[in-house]
Structures are given as structure tokens and as C-alpha cells.
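S.K.: So I've got this file, upload03.cif, and it contains mmCIF, C-alpha atoms and all ligand atoms:
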data_work
#
loop_
_atom_site.label_atom_id
_atom_site.label_comp_id
_atom_site.auth_asym_id
_atom_site.auth_seq_id
_atom_site.Cartn_x
_atom_site.Cartn_y
_atom_site.Cartn_z
CA MET Q 1351 189.74 -173.23 -7.73
CA LYS Q 1352 186.18 -173.18 -8.94
CA ARG Q 1353 185.16 -171.03 -5.99
CA PHE Q 1354 188.01 -168.68 -6.78
CA ALA Q 1355 186.75 -168.29 -10.35
CA VAL Q 1356 183.26 -167.57 -9.05
CA ALA Q 1357 184.62 -164.95 -6.68
CA VAL Q 1358 186.61 -163.22 -9.42
CA GLY Q 1359 183.53 -163.25 -11.63
CA ALA Q 1360 181.47 -161.70 -8.88
CA LEU Q 1361 184.03 -158.95 -8.36
CA ALA Q 1362 184.14 -158.30 -12.08
CA LEU Q 1363 180.40 -157.74 -11.93
CA GLY Q 1364 180.95 -155.26 -9.15
CA LEU Q 1365 179.15 -157.30 -6.50
CA ALA Q 1366 181.31 -155.76 -3.85
CA ALA Q 1367 179.61 -157.13 -0.78
CA LEU Q 1368 180.43 -160.71 -1.64
CA PRO Q 1369 183.42 -162.06 0.23
CA ALA Q 1370 186.40 -163.07 -1.89
CA LEU Q 1371 187.21 -166.77 -1.80
CA ALA Q 1372 190.32 -168.72 -2.77
CA ALA Q 1373 190.19 -172.43 -2.00
CA ASP Q 1374 189.61 -172.44 1.76
CA ILE Q 1375 190.36 -168.79 2.43
CA GLU Q 1376 187.66 -166.13 2.66
CA ILE Q 1377 188.37 -162.40 2.93
CA SER Q 1378 185.65 -160.14 4.31
CA GLY Q 1379 185.10 -156.68 5.76
CA SER Q 1380 188.01 -155.10 3.94
CA PHE Q 1381 188.69 -151.38 3.98
CA LEU Q 1382 191.59 -149.10 3.19
CA ARG Q 1383 192.58 -146.24 5.43
CA PRO Q 1384 193.88 -143.89 2.74
CA PRO Q 1385 196.87 -141.60 3.14
CA VAL Q 1386 195.88 -138.22 4.51
CA VAL Q 1387 198.48 -136.45 2.37
CA ASP Q 1388 199.15 -137.01 -1.33
CA GLY Q 1389 201.60 -139.84 -1.96
CA GLY Q 1390 201.53 -140.91 1.68
CA ASN Q 1391 201.04 -144.33 3.20
CA GLY Q 1392 197.82 -146.25 3.67
CA ALA Q 1393 196.82 -149.42 5.49
CA ALA Q 1394 194.43 -152.17 4.44
CA PHE Q 1395 192.44 -154.13 7.00
CA PHE Q 1396 190.21 -157.20 6.62
CA THR Q 1397 189.16 -160.46 8.22
CA ILE Q 1398 190.62 -163.75 6.98
CA THR Q 1399 188.44 -166.79 7.56
CA ASN Q 1400 190.04 -170.16 6.97
CA HIS Q 1401 187.74 -173.06 6.11
CA GLY Q 1402 190.67 -175.46 5.70
CA PRO Q 1403 194.01 -176.45 7.17
CA ALA Q 1404 196.43 -173.98 8.76
CA ASP Q 1405 197.73 -171.39 6.30
CA ARG Q 1406 199.78 -168.19 6.26
CA LEU Q 1407 199.40 -164.88 4.46
CA ILE Q 1408 202.90 -164.47 3.01
CA ALA Q 1409 202.67 -161.51 0.61
CA ALA Q 1410 200.52 -158.67 -0.64
CA ALA Q 1411 200.81 -156.60 -3.81
CA ALA Q 1412 199.05 -153.51 -5.16
CA PRO Q 1413 199.95 -151.76 -8.42
CA ALA Q 1414 198.93 -148.38 -6.94
CA ALA Q 1415 201.55 -148.55 -4.15
CA ARG Q 1416 205.30 -148.08 -4.40
CA ALA Q 1417 205.81 -150.89 -1.90
CA VAL Q 1418 203.54 -153.25 0.03
CA GLU Q 1419 204.47 -155.04 3.25
CA LEU Q 1420 202.76 -157.12 5.94
CA HIS Q 1421 202.96 -155.19 9.20
CA THR Q 1422 202.13 -155.44 12.84
CA HIS Q 1423 202.16 -152.96 15.72
CA LEU Q 1424 204.08 -153.48 18.93
CA ARG Q 1425 203.22 -151.39 21.95
CA ASP Q 1426 206.30 -150.55 23.99
CA GLY Q 1427 205.32 -148.40 26.95
CA ASP Q 1428 203.76 -145.29 25.41
CA VAL Q 1429 205.63 -145.89 22.13
CA MET Q 1430 204.00 -147.53 19.13
CA ARG Q 1431 206.39 -149.42 16.89
CA MET Q 1432 205.29 -150.59 13.46
CA ARG Q 1433 207.17 -153.61 12.18
CA LYS Q 1434 207.34 -155.65 9.00
CA VAL Q 1435 206.47 -159.32 9.47
CA ASP Q 1436 207.22 -162.23 7.10
CA SER Q 1437 203.78 -163.74 7.40
CA ILE Q 1438 200.48 -163.65 9.24
CA ALA Q 1439 199.37 -167.09 10.45
CA VAL Q 1440 195.80 -168.22 9.89
CA PRO Q 1441 194.90 -171.21 12.08
CA GLU Q 1442 193.07 -174.26 10.78
CA GLN Q 1443 189.34 -173.49 10.63
CA GLY Q 1444 190.27 -170.18 12.24
CA ARG Q 1445 189.84 -166.47 11.76
CA VAL Q 1446 192.29 -163.60 11.86
CA GLU Q 1447 191.34 -159.95 11.97
CA LEU Q 1448 193.67 -157.31 10.55
CA LYS Q 1449 192.56 -154.13 12.30
CA PRO Q 1450 193.68 -150.61 13.26
CA GLY Q 1451 196.37 -150.71 15.94
CA GLY Q 1452 197.33 -154.29 15.01
CA ASP Q 1453 198.21 -156.28 11.91
CA HIS Q 1454 197.72 -154.58 8.57
CA VAL Q 1455 198.80 -154.54 4.96
CA MET Q 1456 201.01 -151.48 4.70
CA LEU Q 1457 200.82 -149.61 1.40
CA PHE Q 1458 203.68 -147.18 0.88
CA GLY Q 1459 203.51 -144.21 -1.47
CA LEU Q 1460 199.97 -144.69 -2.79
CA ASP Q 1461 199.01 -143.06 -6.06
CA PRO Q 1462 196.56 -140.27 -5.02
CA ALA Q 1463 194.31 -141.03 -8.02
CA ALA Q 1464 193.82 -144.61 -6.78
CA VAL Q 1465 192.63 -143.69 -3.31
CA VAL Q 1466 189.95 -141.06 -3.84
CA PRO Q 1467 186.87 -141.59 -1.63
CA GLY Q 1468 184.62 -144.26 -3.07
CA ALA Q 1469 187.41 -145.90 -5.09
CA ARG Q 1470 188.34 -149.57 -4.74
CA LEU Q 1471 191.97 -150.57 -4.54
CA PRO Q 1472 192.96 -153.83 -6.27
CA LEU Q 1473 195.05 -155.90 -3.86
CA THR Q 1474 196.52 -159.36 -4.37
CA LEU Q 1475 197.02 -161.48 -1.26
CA THR Q 1476 199.22 -164.57 -1.46
CA PHE Q 1477 198.71 -167.46 0.94
CA GLU Q 1478 201.23 -170.26 1.39
CA GLN Q 1479 198.62 -172.97 0.86
CA ALA Q 1480 195.66 -171.29 -0.81
CA GLY Q 1481 197.71 -169.31 -3.31
CA ALA Q 1482 196.85 -165.88 -4.66
CA ILE Q 1483 193.55 -164.16 -4.10
CA GLN Q 1484 192.55 -160.87 -5.70
CA ILE Q 1485 190.38 -158.46 -3.73
CA GLU Q 1486 189.18 -154.92 -4.23
CA VAL Q 1487 189.42 -152.90 -1.06
CA PRO Q 1488 186.95 -150.02 -0.60
CA VAL Q 1489 188.67 -146.74 0.24
CA ALA Q 1490 187.32 -145.44 3.54
CA THR Q 1491 186.52 -141.77 3.92
CA LEU Q 1492 188.55 -139.85 6.43
CA PRO Q 1493 186.74 -138.01 9.21
CA GLY Q 1494 186.04 -134.34 8.82
CA PRO Q 1495 186.56 -132.35 5.66
CA ILE Q 1496 188.83 -134.01 3.13
CA SER Q 1497 191.07 -131.23 1.98
CA LYS Q 1498 192.84 -131.70 -1.30
CA PRO Q 1499 194.75 -128.67 -2.56
CA GLY Q 1500 192.50 -126.59 -4.74
CA ALA Q 1501 189.37 -128.53 -3.75
CA HIS Q 1502 187.95 -125.45 -2.09
CA GLY Q 1503 189.08 -121.95 -1.26
CA ASP Q 1504 190.71 -122.11 2.15
CA GLN Q 1505 192.44 -119.75 4.51
CA MET Z 1244 176.47 -157.21 51.91
CA ILE Z 1245 179.78 -158.93 52.50
CA ASN Z 1246 179.71 -159.81 48.86
CA ASN Z 1247 179.32 -156.13 47.93
CA THR Z 1248 182.15 -155.13 50.22
CA VAL Z 1249 184.37 -157.73 48.60
CA LYS Z 1250 183.33 -156.46 45.19
CA ALA Z 1251 184.03 -152.86 46.18
CA ALA Z 1252 187.43 -153.82 47.57
CA GLY Z 1253 188.16 -155.70 44.36
CA LEU Z 1254 187.19 -152.66 42.31
CA VAL Z 1255 189.41 -150.37 44.36
CA ALA Z 1256 192.29 -152.83 43.97
CA ALA Z 1257 191.70 -153.07 40.23
CA LEU Z 1258 191.66 -149.27 39.90
CA ALA Z 1259 194.85 -148.99 41.92
CA ILE Z 1260 196.53 -151.57 39.72
CA ALA Z 1261 195.28 -149.79 36.60
CA LEU Z 1262 196.71 -146.50 37.88
CA ILE Z 1263 200.04 -148.12 38.70
CA LEU Z 1264 200.08 -149.65 35.22
CA VAL Z 1265 199.35 -146.32 33.56
CA VAL Z 1266 202.19 -144.68 35.46
CA ALA Z 1267 204.54 -147.62 34.94
CA LEU Z 1268 203.79 -147.77 31.23
CA SER Z 1269 204.47 -144.07 30.71
CA PRO Z 1270 208.19 -143.40 30.96
CA GLY Z 1271 208.74 -140.08 32.65
CA LEU Z 1272 205.09 -139.61 33.61
CA SER Z 1273 205.54 -140.04 37.37
CA GLU Z 1274 208.60 -137.87 37.15
CA ARG Z 1275 206.70 -135.21 35.26
CA ILE Z 1276 203.79 -135.21 37.66
CA GLY Z 1277 206.27 -134.91 40.52
CA GLN Z 1278 208.00 -132.13 38.69
CA GLY Z 1279 204.70 -130.38 37.95
CA VAL Z 1280 203.85 -130.36 41.65
CA ALA Z 1281 207.29 -129.19 42.68
CA LEU Z 1282 207.31 -126.54 40.00
CA VAL Z 1283 204.27 -124.64 41.29
CA ALA Z 1284 206.62 -122.50 43.34
CA SER Z 1285 209.70 -122.72 41.13
CA SER Z 1286 210.58 -122.74 37.44
CA PRO Z 1287 208.04 -123.29 34.64
CA PHE Z 1288 207.66 -126.55 32.71
CA GLU Z 1289 210.12 -126.57 29.87
CA GLY Z 1290 207.42 -127.22 27.30
CA GLY Z 1291 208.45 -124.40 25.06
CA PHE Z 1292 208.80 -124.44 21.31
CA ALA Z 1293 209.50 -122.12 18.42
CA LEU Z 1294 208.11 -123.63 15.23
CA THR Z 1295 206.18 -122.84 12.05
CA ASP Z 1296 202.44 -123.41 11.73
CA GLN Z 1297 200.61 -124.85 8.73
CA THR Z 1298 200.18 -121.41 7.19
CA GLY Z 1299 203.93 -120.79 7.30
CA LYS Z 1300 203.73 -118.41 10.25
CA PRO Z 1301 206.37 -118.63 13.00
CA VAL Z 1302 204.75 -119.44 16.36
CA ASN Z 1303 205.92 -120.25 19.86
CA ASP Z 1304 204.35 -121.61 23.02
CA ARG Z 1305 203.84 -118.13 24.50
CA ASP Z 1306 201.40 -117.36 21.68
CA TYR Z 1307 198.98 -119.80 23.32
CA ARG Z 1308 199.23 -118.61 26.94
CA GLY Z 1309 195.83 -118.26 28.56
CA ARG Z 1310 194.59 -121.42 26.90
CA PHE Z 1311 195.43 -125.08 27.42
CA MET Z 1312 197.68 -126.65 24.81
CA LEU Z 1313 196.87 -130.26 23.94
CA VAL Z 1314 199.96 -131.49 22.13
CA PHE Z 1315 200.35 -134.65 20.07
CA PHE Z 1316 203.47 -135.78 18.20
CA GLY Z 1317 203.41 -137.84 15.01
CA TYR Z 1318 204.05 -137.72 11.27
CA THR Z 1319 201.78 -137.31 8.28
CA PHE Z 1320 202.94 -140.54 6.57
CA CYS Z 1321 201.83 -142.53 9.62
CA PRO Z 1322 199.14 -144.90 8.30
CA ASP Z 1323 197.36 -145.93 11.46
CA VAL Z 1324 198.27 -144.67 14.93
CA CYS Z 1325 198.34 -140.93 14.11
CA PRO Z 1326 195.11 -140.86 12.07
CA THR Z 1327 193.37 -142.94 14.74
CA THR Z 1328 194.51 -140.56 17.48
CA LEU Z 1329 193.61 -137.43 15.51
CA THR Z 1330 190.22 -138.91 14.63
CA VAL Z 1331 189.55 -139.56 18.32
CA LEU Z 1332 190.84 -136.08 19.16
CA ALA Z 1333 188.71 -134.39 16.49
CA GLY Z 1334 185.67 -136.35 17.71
CA ALA Z 1335 186.37 -135.31 21.29
CA LEU Z 1336 186.67 -131.64 20.28
CA ASP Z 1337 183.29 -131.88 18.52
CA ARG Z 1338 181.73 -133.22 21.71
CA LEU Z 1339 183.05 -130.50 24.03
CA ASP Z 1340 180.73 -127.70 24.97
CA PRO Z 1341 181.85 -124.54 23.13
CA ALA Z 1342 183.12 -122.83 26.30
CA THR Z 1343 185.38 -125.79 27.10
CA ALA Z 1344 186.54 -126.16 23.50
CA ALA Z 1345 187.49 -122.47 23.45
CA LYS Z 1346 189.92 -123.09 26.30
CA ILE Z 1347 191.93 -125.69 24.35
CA VAL Z 1348 194.39 -125.33 21.46
CA PRO Z 1349 194.96 -128.77 19.92
CA ILE Z 1350 198.44 -128.95 18.41
CA PHE Z 1351 199.96 -131.63 16.18
CA VAL Z 1352 203.78 -131.47 16.06
CA THR Z 1353 205.55 -133.45 13.34
CA LEU Z 1354 208.43 -135.79 14.13
CA ASP Z 1355 209.22 -135.90 10.40
CA PRO Z 1356 210.30 -132.36 9.46
CA GLU Z 1357 212.01 -133.73 6.31
CA ARG Z 1358 208.72 -134.60 4.63
CA ASP Z 1359 206.26 -132.51 6.62
CA THR Z 1360 206.50 -129.01 5.21
CA PRO Z 1361 203.90 -126.41 6.28
CA ALA Z 1362 201.93 -127.17 3.07
CA VAL Z 1363 201.85 -130.90 3.88
CA MET Z 1364 200.88 -130.14 7.49
CA ARG Z 1365 198.05 -127.93 6.25
CA GLN Z 1366 196.63 -130.70 4.09
CA TYR Z 1367 197.01 -133.09 7.01
CA VAL Z 1368 195.47 -131.25 9.96
CA SER Z 1369 192.61 -129.81 7.91
CA ALA Z 1370 191.50 -133.37 7.11
CA PHE Z 1371 190.69 -133.86 10.79
CA SER Z 1372 189.59 -130.55 12.26
CA PRO Z 1373 189.94 -126.88 11.38
CA ALA Z 1374 190.80 -126.32 15.05
CA ILE Z 1375 194.04 -128.32 14.98
CA VAL Z 1376 197.28 -126.38 14.64
CA GLY Z 1377 200.00 -128.24 12.69
CA LEU Z 1378 203.58 -127.39 13.59
CA THR Z 1379 206.84 -128.17 11.83
CA GLY Z 1380 210.34 -126.72 11.78
CA SER Z 1381 213.96 -127.53 11.13
CA SER Z 1382 215.37 -130.85 12.37
CA ASP Z 1383 217.06 -128.92 15.19
CA ASP Z 1384 213.81 -127.18 16.16
CA ILE Z 1385 211.98 -130.51 16.31
CA ALA Z 1386 214.83 -132.12 18.28
CA LYS Z 1387 214.51 -129.34 20.87
CA VAL Z 1388 210.76 -129.82 21.27
CA LYS Z 1389 211.23 -133.57 21.59
CA LYS Z 1390 213.75 -133.00 24.35
CA ASN Z 1391 211.53 -130.52 26.19
CA TYR Z 1392 208.54 -132.87 26.10
CA ARG Z 1393 210.68 -135.98 26.57
CA VAL Z 1394 209.11 -137.46 23.47
CA TYR Z 1395 210.73 -140.54 22.01
CA SER Z 1396 210.94 -141.12 18.28
CA VAL Z 1397 213.25 -143.02 15.97
CA LYS Z 1398 213.34 -143.42 12.23
CA VAL Z 1399 212.92 -146.99 10.94
CA GLU Z 1400 214.38 -147.70 7.51
CA GLY Z 1401 212.06 -149.03 4.81
CA SER Z 1402 212.59 -150.70 1.44
CA ALA Z 1403 213.68 -147.38 -0.14
CA PRO Z 1404 215.45 -144.36 1.41
CA ASP Z 1405 212.27 -142.26 1.37
CA LEU Z 1406 209.96 -145.05 2.58
CA TYR Z 1407 211.01 -144.87 6.22
CA THR Z 1408 208.53 -144.96 9.08
CA ILE Z 1409 208.86 -143.53 12.59
CA ASP Z 1410 208.37 -145.23 15.96
CA HIS Z 1411 207.06 -142.65 18.40
CA SER Z 1412 205.38 -141.88 21.71
CA ALA Z 1413 201.62 -141.78 21.27
CA LEU Z 1414 200.43 -139.74 24.24
CA LEU Z 1415 198.69 -136.38 24.44
CA TYR Z 1416 200.38 -133.70 26.55
CA LEU Z 1417 198.21 -131.17 28.33
CA ILE Z 1418 199.90 -127.86 29.12
CA GLY Z 1419 198.12 -125.34 31.34
CA PRO Z 1420 197.24 -121.72 30.47
CA ASP Z 1421 200.33 -120.77 32.51
CA GLY Z 1422 202.58 -122.81 30.22
CA ARG Z 1423 203.12 -125.50 32.81
CA PHE Z 1424 202.76 -129.19 32.28
CA ARG Z 1425 199.46 -130.60 33.60
CA ALA Z 1426 199.07 -134.19 32.48
CA THR Z 1427 199.62 -136.79 29.84
CA LEU Z 1428 196.48 -138.37 28.44
CA ASP Z 1429 196.21 -141.68 26.66
CA PRO Z 1430 193.97 -140.85 23.68
CA GLY Z 1431 192.43 -144.33 23.80
CA HIS Z 1432 189.86 -145.20 21.17
CA SER Z 1433 186.80 -143.33 22.38
CA ALA Z 1434 186.02 -139.72 21.50
CA GLU Z 1435 183.47 -139.67 24.35
CA GLY Z 1436 186.08 -140.88 26.82
CA LEU Z 1437 188.63 -138.30 25.73
CA ALA Z 1438 186.01 -135.50 25.75
CA LEU Z 1439 185.16 -136.41 29.34
CA ALA Z 1440 188.83 -136.50 30.40
CA LEU Z 1441 189.46 -133.13 28.72
CA THR Z 1442 186.41 -131.51 30.29
CA ARG Z 1443 187.60 -132.61 33.73
CA SER Z 1444 191.19 -131.58 33.07
CA VAL Z 1445 190.51 -128.00 31.98
CA GLN Z 1446 188.04 -127.08 34.75
CU CU Q 1601 202.48 -150.26 8.79
#
Could the structure of this file be written out as C-alpha cells, please?

M.R.:
Amino acid sequence: MKRFAVAVGALALGLAALPALAADIEISGSFLRPPVVDGGNGAAFFTITNHGPADRLIAAAAPAARAVELHTHLRDGDVMRMRKVDSIAVPEQGRVELKPGGDHVMLFGLDPAAVVPGARLPLTLTFEQAGAIQIEVPVATLPGPISKPGAHGDQ
Amino acid sequence: MINNTVKAAGLVAALAIALILVVALSPGLSERIGQGVALVASSPFEGGFALTDQTGKPVNDRDYRGRFMLVFFGYTFCPDVCPTTLTVLAGALDRLDPATAAKIVPIFVTLDPERDTPAVMRQYVSAFSPAIVGLTGSSDDIAKVKKNYRVYSVKVEGSAPDLYTIDHSALLYLIGPDGRFRATLDPGHSAEGLALALTRSVQ
């Protein structure tokens, strides 16, 4: 609990590079792939390191999204199927990576104002054992020109 | 020496297995390649479409004759697979020599015509590359293209009626300058790899 308080304090000070800690759970390397179109869906990725007994990520919440779900990808021949999962297991003293093409936190209907390049998206992760942990996920920049309507004269 | 021969044999076997896997994992691929070969002397590949581009202009496949069409199907609300593929594709296009790039029209066709209007498609494709053409149409138009390309997609309900996602085929389809099917390409995760495959394919 003390470590959690320290982590929250660090985030409040804007020390972004510090990993977020809750009890035995550490979250690092987080980033948000923002929606490409306004109001679209985004995905958050990060590494969960568990310094304690087996645990499970059971929920995620973000005020800027209309809905948040834990997701995985299943490859079925040449078809990619994205599916909601109830939890993501984190083994005892283990590490789980949420990454593109695999597990992710799915953020539906993101508020465009919350996901401008350089922004940080507040995200609450709830673990079965470790409880809630608040992180701020840096919004990644998309490749190529980011075209928002009216941002520049086009075509 | 013997060791090297064994290694070489192992490599050949591994490549053969990889090829079999690629064909086995791509429903319709072997059929399409067979069809492509058979079709040289008969009817053209039914890879036609009549859709609307991201500027609102009606276009069809014949507009792109003389160049290769590199076609990918997806939807703009896709959070991961589509942006990854289009990022790899845009990176590959950047790496092509200009003469090769000029031979290819990259085309993104939506599987979500309900949400993906031309204006949405314009915002979407321009985020990746100015070269990518974004096509949409009526549900019937999209259903026809899906059938012609034998693309699979199905809507998956979400927690609200408008929060659905779409399961879909994630291959690239290469159509020749003659409008005939040439190959399916797995975009993979490497722009260099895709650039190399494209350069070879459009020689
Ligand atoms: Cu998802």
C-alpha cells in the first residue's frame, strides 16, 4: 500500500518514466495506440511484472472511453478474431506482456480530446489480489501525417 | 561436409513445411493460385469492384488497369490489426524505389460501410500514406467485393449496438496490371520484408 502511494505521488509529479506499483504488481512500458478516426477505438499495451503470488488482471476503466474491455486476438487461418476475455493471468513472480497482435486493453469510443499526440490517458487496472492501480498511458503517435479535419488544407 | 548436407536438407524441408503451412493456413489460396494459372488462357480474375473513394468519387477496378492493385480489407474502428498492417504497408511503400512504387496502387477497402463514410475513410488512409486509396460503398457493394475476393468478415456484437467489432481476413491481395489475381501476401510485421516481397512480385 505504501508503494502504491509512492507511485501515485510520483505520477502526480509527472515523473512518467517511473513504473506504477500496486502491492506486488508493477506496470511498465505502457502506450496507447490511439484511434485513427475521431471517436474510434484504441488499444492500450503494457508489461505486467508480478513480484508476488499469482494474480489476475480482472478489469480496466478509463473515463475517456465509452467502454473498456480486456481483449485478446485469436488467429484463425488468415482471419484475425478479437475477443473479450474475463481476465488476464499473471503468474507468481512472472511477467505478462500486452502487445500488438495479442492481449490488450480495448478502449471503445475514445474522446478525441483525450488522445491527442503527447497526451496521457488515465487508466485504472484492477487486479484480483493487488487491487486497483492507476496508470497514465502515453498516447503514441501514428505513423505518417496525422490528419485531423481542418488541421491543414488538403485535397 | 555431411553435416552441411544434412543442414541444407533440413533447411529445404523446413522451407517446404513453411510453404505448405502458408498454403494450408490461407483458405482459398491454393485454389486461387490454381485458378490464376488456369485463367491465363480463359476468363479474368473476378476481382472487380465498383465503389466510392475517399474523395467521394465513384471508382472501379478498371480505373487502375496498367498498375498493380494491392488490396487490403479492414475497418477504421479496428484498434490493432488494421493499423499495424497499414503501418507496415506504408513503411514498405516508403522503401520501394520510385519506379516500383509507381507501379502499385495500394487500396484499403472497408468491411464496415455503416460507419466508414468517404469522409471517415479520408481521415483514415491519410494518417498512413497519401498514396493509399480508401474505398467504401453500400452494404451490397461491399458484399459483392467480399465475394469476388473471397474475403471473410463477420460482425461481432459489443456492449452497445454501435460498439461492434469485425473479425476479418488479414491478407493483402495483389492484382496484376491486367486485372488478374497474382498472389496473396501476408503483411507480416516488417516493412523491409514486405517491400522486398512487393519488389519481387511486380517485376
Ligand atoms: Cu480489442

S.K.: Go through chain Q and flag each residue having an atom no more than 6 Å from ligand CU 1601 (chain Q); for those, report the closest pair of atoms plus their distance in Å to one decimal, using all atoms listed in the file, ordered by chain and rising number, as JSON lines.

M.R.:
{"residue": "Q:His1421", "atom": "CA", "partner": "Q:CU1601", "partner_atom": "CU", "distance": 5.0}
{"residue": "Q:Met1432", "atom": "CA", "partner": "Q:CU1601", "partner_atom": "CU", "distance": 5.5}
{"residue": "Q:Met1456", "atom": "CA", "partner": "Q:CU1601", "partner_atom": "CU", "distance": 4.5}

S.K.: Taking only C-alpha atoms into account, which residues of chain Z are within 6 Å of chain Q, as a list of chain:residue names?

M.R.: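 In the required form, that comes to Z:Leu1268, Z:Ser1269, Z:Phe1320, Z:Pro1322, Z:Gln1366, Z:Tyr1367, Z:Ala1370, Z:Phe1371, Z:Asp1410, Z:His1411, Z:Ser1412, Z:Ala1413.
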
S.K.: Calculate how many Å separate atom CA of Ser1382 of chain Z from atom CA of Thr1422 of chain Q, rounding to one decimal.

M.R.: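 Pair atom CA of Ser1382 of chain Z / atom CA of Thr1422 of chain Q returns 27.9 Å.
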
S.K.: Work out how far atom CA of Asn1400 of chain Q is from atom CA of Ala1439 of chain Q, in Å to one decimal.

M.R.: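 We find that atom CA of Ala1439 of chain Q and atom CA of Asn1400 of chain Q lie 10.4 Å from each other.
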
S.K.: Could you give me, as a ChimeraX atom specification, the residues within 7 Å of Glu1478 of chain Q, counting only C-alpha atoms and dropping anything in the same chain fewer than 2 positions from it?

M.R.: /Q:1405-1408,1476,1480-1481

S.K.: Skipping near chain neighbours, those fewer than 4 positions away, what residues fall within 9 Å of Lys1346 of chain Z using all atoms listed in the file, listed as a PyMOL selection string?

M.R.: chain Z and resi 1309-1312+1341-1342+1420+1445
